[in-house]
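Okay, run.txt is below, compact mmCIF, C-alpha atoms and all ligand atoms:
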```
# COMPACT_ATOMS: atom_id res chain seq x y z
CA MET A 1 108.85 107.32 105.76
CA GLN A 2 107.53 104.85 108.33
CA LEU A 3 107.01 101.57 106.55
CA VAL A 4 104.27 99.28 107.88
CA ARG A 5 102.52 96.04 107.01
CA LEU A 6 98.90 95.22 107.62
CA ILE A 7 97.25 91.80 107.39
CA TYR A 8 93.51 91.22 107.59
CA SER A 9 91.03 88.54 106.62
CA SER A 10 87.46 88.88 105.35
CA GLN A 11 84.57 87.01 103.83
CA LEU A 12 83.12 87.61 100.37
CA LYS A 13 79.49 88.73 100.81
CA ALA A 14 76.99 86.10 99.77
CA ASN A 15 75.48 88.36 97.10
CA THR A 16 78.85 89.30 95.57
CA ASN A 17 79.62 87.60 92.30
CA PRO A 18 83.07 85.96 92.44
CA SER A 19 83.76 87.63 89.09
CA GLU A 20 84.11 90.85 91.13
CA LEU A 21 87.51 89.51 92.05
CA ALA A 22 89.00 90.57 88.73
CA GLN A 23 87.48 94.03 89.25
CA ILE A 24 88.99 94.31 92.75
CA HIS A 25 92.36 93.20 91.46
CA ASN A 26 92.28 95.70 88.57
CA THR A 27 91.45 98.52 91.00
CA ALA A 28 94.36 97.48 93.20
CA LEU A 29 96.72 97.39 90.24
CA SER A 30 95.69 100.85 89.11
CA HIS A 31 95.63 102.54 92.57
CA ASN A 32 98.48 100.88 94.46
CA PRO A 33 101.49 102.05 92.43
CA LYS A 34 100.65 105.73 92.93
CA ASN A 35 100.14 105.13 96.65
CA GLY A 36 103.35 103.15 97.07
CA ILE A 37 101.42 100.05 98.16
CA THR A 38 102.65 96.50 97.56
CA GLY A 39 101.39 93.13 98.78
CA THR A 40 99.32 90.09 98.04
CA LEU A 41 95.62 89.19 98.05
CA VAL A 42 94.84 85.52 98.59
CA PHE A 43 91.34 84.19 97.84
CA GLY A 44 89.88 80.75 98.52
CA ASP A 45 86.60 79.25 99.69
CA ASP A 46 84.98 82.74 99.48
CA ARG A 47 87.50 84.11 101.97
CA PHE A 48 90.28 86.65 101.64
CA ILE A 49 93.53 87.24 103.41
CA GLN A 50 95.45 90.31 102.30
CA TYR A 51 98.93 91.57 103.09
CA ILE A 52 99.41 95.29 102.48
CA GLU A 53 102.67 97.19 102.95
CA GLY A 54 103.71 100.79 102.39
CA GLY A 55 103.82 104.14 104.17
CA ARG A 56 101.83 104.24 107.42
CA LYS A 57 99.45 106.92 106.18
CA GLU A 58 98.83 105.23 102.84
CA VAL A 59 98.27 101.80 104.40
CA ASN A 60 95.79 103.30 106.89
CA HIS A 61 93.89 105.10 104.14
CA LEU A 62 93.68 101.96 102.06
CA PHE A 63 92.51 99.85 104.98
CA HIS A 64 89.71 102.30 105.68
CA ARG A 65 88.60 102.18 102.03
CA ILE A 66 88.75 98.40 102.00
CA GLY A 67 86.94 98.25 105.34
CA SER A 68 83.93 100.08 103.91
CA ASP A 69 83.84 98.08 100.68
CA PRO A 70 80.38 96.42 100.47
CA ARG A 71 81.71 93.40 98.58
CA HIS A 72 83.05 91.73 101.72
CA GLU A 73 82.36 91.51 105.46
CA GLU A 74 83.72 90.14 108.74
CA ILE A 75 86.91 92.11 108.27
CA THR A 76 89.36 90.93 110.92
CA LEU A 77 92.63 92.73 111.55
CA ILE A 78 95.37 90.15 112.05
CA ASP A 79 98.57 92.22 112.14
CA PHE A 80 99.73 95.82 111.93
CA SER A 81 103.49 96.32 112.40
CA GLU A 82 106.35 98.58 111.49
CA ILE A 83 108.77 96.90 109.09
CA MET A 84 112.34 97.68 108.03
CA GLU A 85 111.88 96.66 104.41
CA ARG A 86 109.22 95.43 102.03
CA GLU A 87 108.60 91.74 101.45
CA PHE A 88 106.47 92.10 98.30
CA GLU A 89 108.36 94.93 96.61
CA ASP A 90 107.84 93.35 93.15
CA TRP A 91 104.05 93.13 93.49
CA ASN A 92 101.55 95.99 93.35
CA MET A 93 99.07 93.37 94.53
CA LYS A 94 99.72 89.74 93.72
CA LEU A 95 96.45 87.84 93.36
CA VAL A 96 96.60 84.21 94.50
CA LEU A 97 93.63 81.91 93.91
CA LEU A 98 93.66 78.87 96.15
CA SER A 99 92.31 75.51 95.22
CA GLU A 100 91.19 72.99 97.79
CA SER A 101 93.97 70.64 96.85
CA ASN A 102 96.61 73.33 97.24
CA GLN A 103 99.21 71.91 99.57
CA LYS A 104 100.21 75.37 100.66
CA VAL A 105 96.80 75.75 102.26
CA LEU A 106 96.49 72.32 103.72
CA ARG A 107 99.63 72.75 105.78
CA TYR A 108 97.92 75.67 107.54
CA SER A 109 94.46 74.13 107.74
CA PRO A 110 94.43 71.09 109.95
CA ASN A 111 90.72 70.48 109.32
CA GLY A 112 91.06 70.93 105.56
CA SER A 113 89.25 74.26 105.23
CA PHE A 114 90.80 77.65 104.62
CA GLU A 115 90.01 79.83 107.66
CA PRO A 116 92.35 82.81 107.64
CA SER A 117 90.41 84.62 110.39
CA ARG A 118 91.61 81.94 112.79
CA MET A 119 95.29 82.31 111.90
CA SER A 120 97.61 83.93 114.41
CA ALA A 121 99.68 86.85 113.11
CA ASP A 122 102.74 84.58 112.96
CA THR A 123 100.95 81.83 111.09
CA ALA A 124 99.42 84.33 108.66
CA LEU A 125 102.83 85.79 107.92
CA HIS A 126 104.39 82.38 107.26
CA PHE A 127 101.44 81.43 105.09
CA LEU A 128 101.63 84.64 103.03
CA ARG A 129 105.41 84.52 102.61
CA GLN A 130 105.02 81.36 100.56
CA PHE A 131 103.56 83.46 97.76
CA ARG A 132 106.50 85.82 97.33
C1 LIG B 1 89.29 92.11 99.34
C2 LIG B 1 89.52 93.48 98.75
C3 LIG B 1 90.82 93.91 98.52
C4 LIG B 1 91.07 95.18 97.97
N1 LIG B 1 92.36 95.60 97.76
C5 LIG B 1 92.60 96.84 97.27
C6 LIG B 1 93.93 97.30 97.07
O1 LIG B 1 94.93 96.62 97.31
N2 LIG B 1 94.07 98.56 96.58
C7 LIG B 1 93.01 99.38 96.28
O2 LIG B 1 93.21 100.50 95.86
N3 LIG B 1 91.76 98.94 96.44
C8 LIG B 1 91.51 97.70 96.92
N4 LIG B 1 90.22 97.27 97.08
C9 LIG B 1 89.13 98.14 96.62
C10 LIG B 1 88.76 99.21 97.63
O3 LIG B 1 87.91 98.67 98.61
C11 LIG B 1 88.07 100.38 96.92
O4 LIG B 1 86.97 99.90 96.21
C12 LIG B 1 89.02 101.03 95.92
O5 LIG B 1 90.21 101.39 96.57
C13 LIG B 1 88.42 102.27 95.26
O6 LIG B 1 88.12 103.21 96.22
P1 LIG B 1 87.50 104.62 95.80
O7 LIG B 1 86.21 104.28 95.11
O8 LIG B 1 87.32 105.36 97.08
O9 LIG B 1 88.50 105.23 94.86
C14 LIG B 1 89.97 96.02 97.65
C15 LIG B 1 88.67 95.57 97.89
C16 LIG B 1 88.44 94.32 98.44
C17 LIG B 1 87.03 93.88 98.69
```
Structure rendered as structure tokens:
Amino acid sequence: MQLVRLIYSSQLKANTNPSELAQIHNTALSHNPKNGITGTLVFGDDRFIQYIEGGRKEVNHLFHRIGSDPRHEEITLIDFSEIMEREFEDWNMKLVLLSESNQKVLRYSPNGSFEPSRMSADTALHFLRQFR
């Protein structure tokens, strides 16, 4: 099986209740194990960055589903690469909620706001690896 990782960022739609987050996470936890998907979903300041890894076909299918999900917009692909092994093998989808004072964010946000769509692929990877 060709193992790949995919990283994208997006913006919660203005009319989406943030309580939808629990719903999204529950869906991920129920779907991902059967699709062999692992990763992390980071949320802060109404923005997402998600790291998805698994078989190439499964990751593509999931990204297409996520891409047409009406609860978010401005979906920006940051990285799609083949990988030798998983980095989040213990997580069917780890949800991380960021707070403004979170030092892990501030290190990657020189102007103090969380803007994942502006991260390079390298920066995004370093940022996400902190949550393993
Ligand atoms: C930010 C975000 C992250 C999501 N992550 C996942 C995920 O990891 N796994 C998953 O199955 N669905 C995820 N979803 C939900 C999918 O978009 C979709 O609603 C879900 O897979 C159900 O699809 P279906 O109705 O075609 O079965 C996510 C949605 C959003 C908005």
Write out, as CSV, each residue of chain A that has an atom at most 9 Å from ligand LIG 1 (chain B), together with the closest pair of atoms and their distance in Å to one decimal, counting all atoms listed in the file, rows going by chain and rising number.
```
residue,atom,partner,partner_atom,distance
A:Ser9,CA,B:LIG1,C1,8.3
A:Ser10,CA,B:LIG1,C1,7.1
A:Gln11,CA,B:LIG1,C1,8.3
A:Leu12,CA,B:LIG1,C17,7.6
A:Glu20,CA,B:LIG1,C17,8.7
A:Leu21,CA,B:LIG1,C1,7.9
A:Gln23,CA,B:LIG1,C9,8.6
A:Ile24,CA,B:LIG1,C14,5.3
A:His25,CA,B:LIG1,N1,6.7
A:Asn26,CA,B:LIG1,N3,8.5
A:Thr27,CA,B:LIG1,N3,5.5
A:Ala28,CA,B:LIG1,N2,3.6
A:Leu29,CA,B:LIG1,N2,7.0
A:Ser30,CA,B:LIG1,O2,7.2
A:His31,CA,B:LIG1,O2,4.6
A:Asn32,CA,B:LIG1,N2,5.4
A:Asn35,CA,B:LIG1,O2,8.4
A:Ile37,CA,B:LIG1,O1,7.4
A:Thr38,CA,B:LIG1,O1,7.7
A:Gly39,CA,B:LIG1,O1,7.5
A:Thr40,CA,B:LIG1,O1,7.9
A:Leu41,CA,B:LIG1,C3,6.7
A:Val42,CA,B:LIG1,C1,8.6
A:Phe43,CA,B:LIG1,C1,8.3
A:Arg47,CA,B:LIG1,C1,8.6
A:Phe48,CA,B:LIG1,C1,6.0
A:Ile49,CA,B:LIG1,C1,7.6
A:Gln50,CA,B:LIG1,C3,7.0
A:Tyr51,CA,B:LIG1,O1,8.7
A:Ile52,CA,B:LIG1,O1,7.0
A:Leu62,CA,B:LIG1,C7,6.4
A:Phe63,CA,B:LIG1,O3,7.9
A:His64,CA,B:LIG1,O3,8.1
A:Arg65,CA,B:LIG1,O3,4.9
A:Ile66,CA,B:LIG1,O3,3.5
A:Gly67,CA,B:LIG1,O3,6.8
A:Ser68,CA,B:LIG1,O3,6.8
A:Asp69,CA,B:LIG1,O3,4.6
A:Pro70,CA,B:LIG1,C17,7.3
A:Arg71,CA,B:LIG1,C17,5.3
A:His72,CA,B:LIG1,C17,5.4
A:Glu73,CA,B:LIG1,C17,8.6
A:Asn92,CA,B:LIG1,O1,7.7
A:Met93,CA,B:LIG1,O1,6.0
```
I'd like to know which of A:Ser113, A:Glu87, A:Asp46, A:Ala124 is closest to Glu74 of chain A, using all atoms listed in the file.
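Checking each candidate against Glu74 of chain A, we get A:Asp46 as the closest.
Using only C-alpha atoms, the shortest contact distance between Ala121 of chain A and any of A:Met1, A:Val105, A:Val59, A:Ile78 is found at A:Ile78.
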As a check of understanding: the span from atom CA of Asn15 of chain A to atom CA of Asp79 of chain A is 27.8 Å
Could you check how far atom CA of Thr76 of chain A sits from atom CA of Glu53 of chain A, in Å to one decimal?
16.7 Å
Within 9 Å of Asp45 of chain A, counting all atoms listed in the file, which residues show up once you throw out same-chain ones fewer than 5 positions away? Write them as a count of residues only, please.
6
Option closest in space to Lys13 of chain A, from A:Arg56, A:Phe80, A:Ile75, A:His61 [counting all atoms listed in the file]
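Residue with the minimum atom-to-atom distance to Lys13 of chain A: A:Ile75.
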Which distance in Å separates atom CA of Ile83 of chain A and atom CA of Leu6 of chain A, to one decimal?
10.1 Å
I want to know what sits within 7 Å of Glu82 of chain A, based on all atoms listed in the file, with residues of the same chain fewer than 3 positions away left out; could you give that as JSON, numbers by chain?
{"A": [3, 4, 5]}
Selected residues written out, C-alpha atoms, as a CSV table (one decimal), in the frame of the given file:
```csv
chain,number,residue,atom,x,y,z
A,3,LEU,CA,107.0,101.6,106.6
A,4,VAL,CA,104.3,99.3,107.9
A,5,ARG,CA,102.5,96.0,107.0
```
Show which residues sit within 12 Å of His126 of chain A, as a ChimeraX atom specification. Count only C-alpha atoms, and ignore same-chain residues fewer than 4 positions away.
/A:7,51,87,104-105,107-108,119-122,130-132
Kindly reconstruct segment 113-131 of chain A with N, CA, C and O atoms and present the result as a PDB file, in the frame of the given file.
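Now in out28.pdb:
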```pdb
ATOM      1  N   SER A 113      89.897  73.078 105.806  1.00  0.00           N
ATOM      2  CA  SER A 113      89.250  74.260 105.230  1.00  0.00           C
ATOM      3  C   SER A 113      90.132  75.484 105.470  1.00  0.00           C
ATOM      4  O   SER A 113      90.889  75.535 106.439  1.00  0.00           O
ATOM      5  N   PHE A 114      89.979  76.446 104.582  1.00  0.00           N
ATOM      6  CA  PHE A 114      90.800  77.650 104.620  1.00  0.00           C
ATOM      7  C   PHE A 114      90.102  78.681 105.514  1.00  0.00           C
ATOM      8  O   PHE A 114      89.067  79.223 105.137  1.00  0.00           O
ATOM      9  N   GLU A 115      90.650  78.907 106.714  1.00  0.00           N
ATOM     10  CA  GLU A 115      90.010  79.830 107.660  1.00  0.00           C
ATOM     11  C   GLU A 115      91.019  80.869 108.147  1.00  0.00           C
ATOM     12  O   GLU A 115      91.517  80.788 109.282  1.00  0.00           O
ATOM     13  N   PRO A 116      91.316  81.847 107.285  1.00  0.00           N
ATOM     14  CA  PRO A 116      92.350  82.810 107.640  1.00  0.00           C
ATOM     15  C   PRO A 116      92.049  83.621 108.899  1.00  0.00           C
ATOM     16  O   PRO A 116      92.966  84.033 109.605  1.00  0.00           O
ATOM     17  N   SER A 117      90.744  83.807 109.210  1.00  0.00           N
ATOM     18  CA  SER A 117      90.410  84.620 110.390  1.00  0.00           C
ATOM     19  C   SER A 117      90.864  83.942 111.681  1.00  0.00           C
ATOM     20  O   SER A 117      90.937  84.576 112.723  1.00  0.00           O
ATOM     21  N   ARG A 118      91.171  82.658 111.596  1.00  0.00           N
ATOM     22  CA  ARG A 118      91.610  81.940 112.790  1.00  0.00           C
ATOM     23  C   ARG A 118      93.133  81.826 112.876  1.00  0.00           C
ATOM     24  O   ARG A 118      93.652  81.247 113.829  1.00  0.00           O
ATOM     25  N   MET A 119      93.820  82.376 111.876  1.00  0.00           N
ATOM     26  CA  MET A 119      95.290  82.310 111.900  1.00  0.00           C
ATOM     27  C   MET A 119      95.843  83.332 112.881  1.00  0.00           C
ATOM     28  O   MET A 119      95.352  84.463 112.956  1.00  0.00           O
ATOM     29  N   SER A 120      96.893  82.946 113.597  1.00  0.00           N
ATOM     30  CA  SER A 120      97.610  83.930 114.410  1.00  0.00           C
ATOM     31  C   SER A 120      98.397  84.825 113.452  1.00  0.00           C
ATOM     32  O   SER A 120      98.567  84.487 112.268  1.00  0.00           O
ATOM     33  N   ALA A 121      98.890  85.946 113.953  1.00  0.00           N
ATOM     34  CA  ALA A 121      99.680  86.850 113.110  1.00  0.00           C
ATOM     35  C   ALA A 121     100.906  86.114 112.557  1.00  0.00           C
ATOM     36  O   ALA A 121     101.244  86.248 111.378  1.00  0.00           O
ATOM     37  N   ASP A 122     101.547  85.328 113.382  1.00  0.00           N
ATOM     38  CA  ASP A 122     102.740  84.580 112.960  1.00  0.00           C
ATOM     39  C   ASP A 122     102.424  83.574 111.863  1.00  0.00           C
ATOM     40  O   ASP A 122     103.130  83.478 110.866  1.00  0.00           O
ATOM     41  N   THR A 123     101.352  82.839 112.079  1.00  0.00           N
ATOM     42  CA  THR A 123     100.950  81.830 111.090  1.00  0.00           C
ATOM     43  C   THR A 123     100.587  82.512 109.775  1.00  0.00           C
ATOM     44  O   THR A 123     100.971  82.055 108.692  1.00  0.00           O
ATOM     45  N   ALA A 124      99.832  83.609 109.858  1.00  0.00           N
ATOM     46  CA  ALA A 124      99.420  84.330 108.660  1.00  0.00           C
ATOM     47  C   ALA A 124     100.641  84.792 107.869  1.00  0.00           C
ATOM     48  O   ALA A 124     100.703  84.665 106.644  1.00  0.00           O
ATOM     49  N   LEU A 125     101.621  85.287 108.579  1.00  0.00           N
ATOM     50  CA  LEU A 125     102.830  85.790 107.920  1.00  0.00           C
ATOM     51  C   LEU A 125     103.574  84.653 107.214  1.00  0.00           C
ATOM     52  O   LEU A 125     103.981  84.791 106.059  1.00  0.00           O
ATOM     53  N   HIS A 126     103.719  83.530 107.889  1.00  0.00           N
ATOM     54  CA  HIS A 126     104.390  82.380 107.260  1.00  0.00           C
ATOM     55  C   HIS A 126     103.612  81.898 106.045  1.00  0.00           C
ATOM     56  O   HIS A 126     104.191  81.585 105.009  1.00  0.00           O
ATOM     57  N   PHE A 127     102.300  81.863 106.195  1.00  0.00           N
ATOM     58  CA  PHE A 127     101.440  81.430 105.090  1.00  0.00           C
ATOM     59  C   PHE A 127     101.627  82.354 103.880  1.00  0.00           C
ATOM     60  O   PHE A 127     101.869  81.904 102.763  1.00  0.00           O
ATOM     61  N   LEU A 128     101.582  83.663 104.120  1.00  0.00           N
ATOM     62  CA  LEU A 128     101.630  84.640 103.030  1.00  0.00           C
ATOM     63  C   LEU A 128     103.014  84.687 102.372  1.00  0.00           C
ATOM     64  O   LEU A 128     103.123  84.913 101.166  1.00  0.00           O
ATOM     65  N   ARG A 129     104.047  84.456 103.159  1.00  0.00           N
ATOM     66  CA  ARG A 129     105.410  84.520 102.610  1.00  0.00           C
ATOM     67  C   ARG A 129     105.651  83.442 101.546  1.00  0.00           C
ATOM     68  O   ARG A 129     106.555  83.579 100.735  1.00  0.00           O
ATOM     69  N   GLN A 130     104.849  82.401 101.579  1.00  0.00           N
ATOM     70  CA  GLN A 130     105.020  81.360 100.560  1.00  0.00           C
ATOM     71  C   GLN A 130     104.752  81.890  99.152  1.00  0.00           C
ATOM     72  O   GLN A 130     105.159  81.292  98.178  1.00  0.00           O
ATOM     73  N   PHE A 131     103.987  82.979  99.073  1.00  0.00           N
ATOM     74  CA  PHE A 131     103.560  83.460  97.760  1.00  0.00           C
ATOM     75  C   PHE A 131     104.467  84.542  97.192  1.00  0.00           C
ATOM     76  O   PHE A 131     104.157  85.129  96.163  1.00  0.00           O
TER      77      PHE A 131
END
```
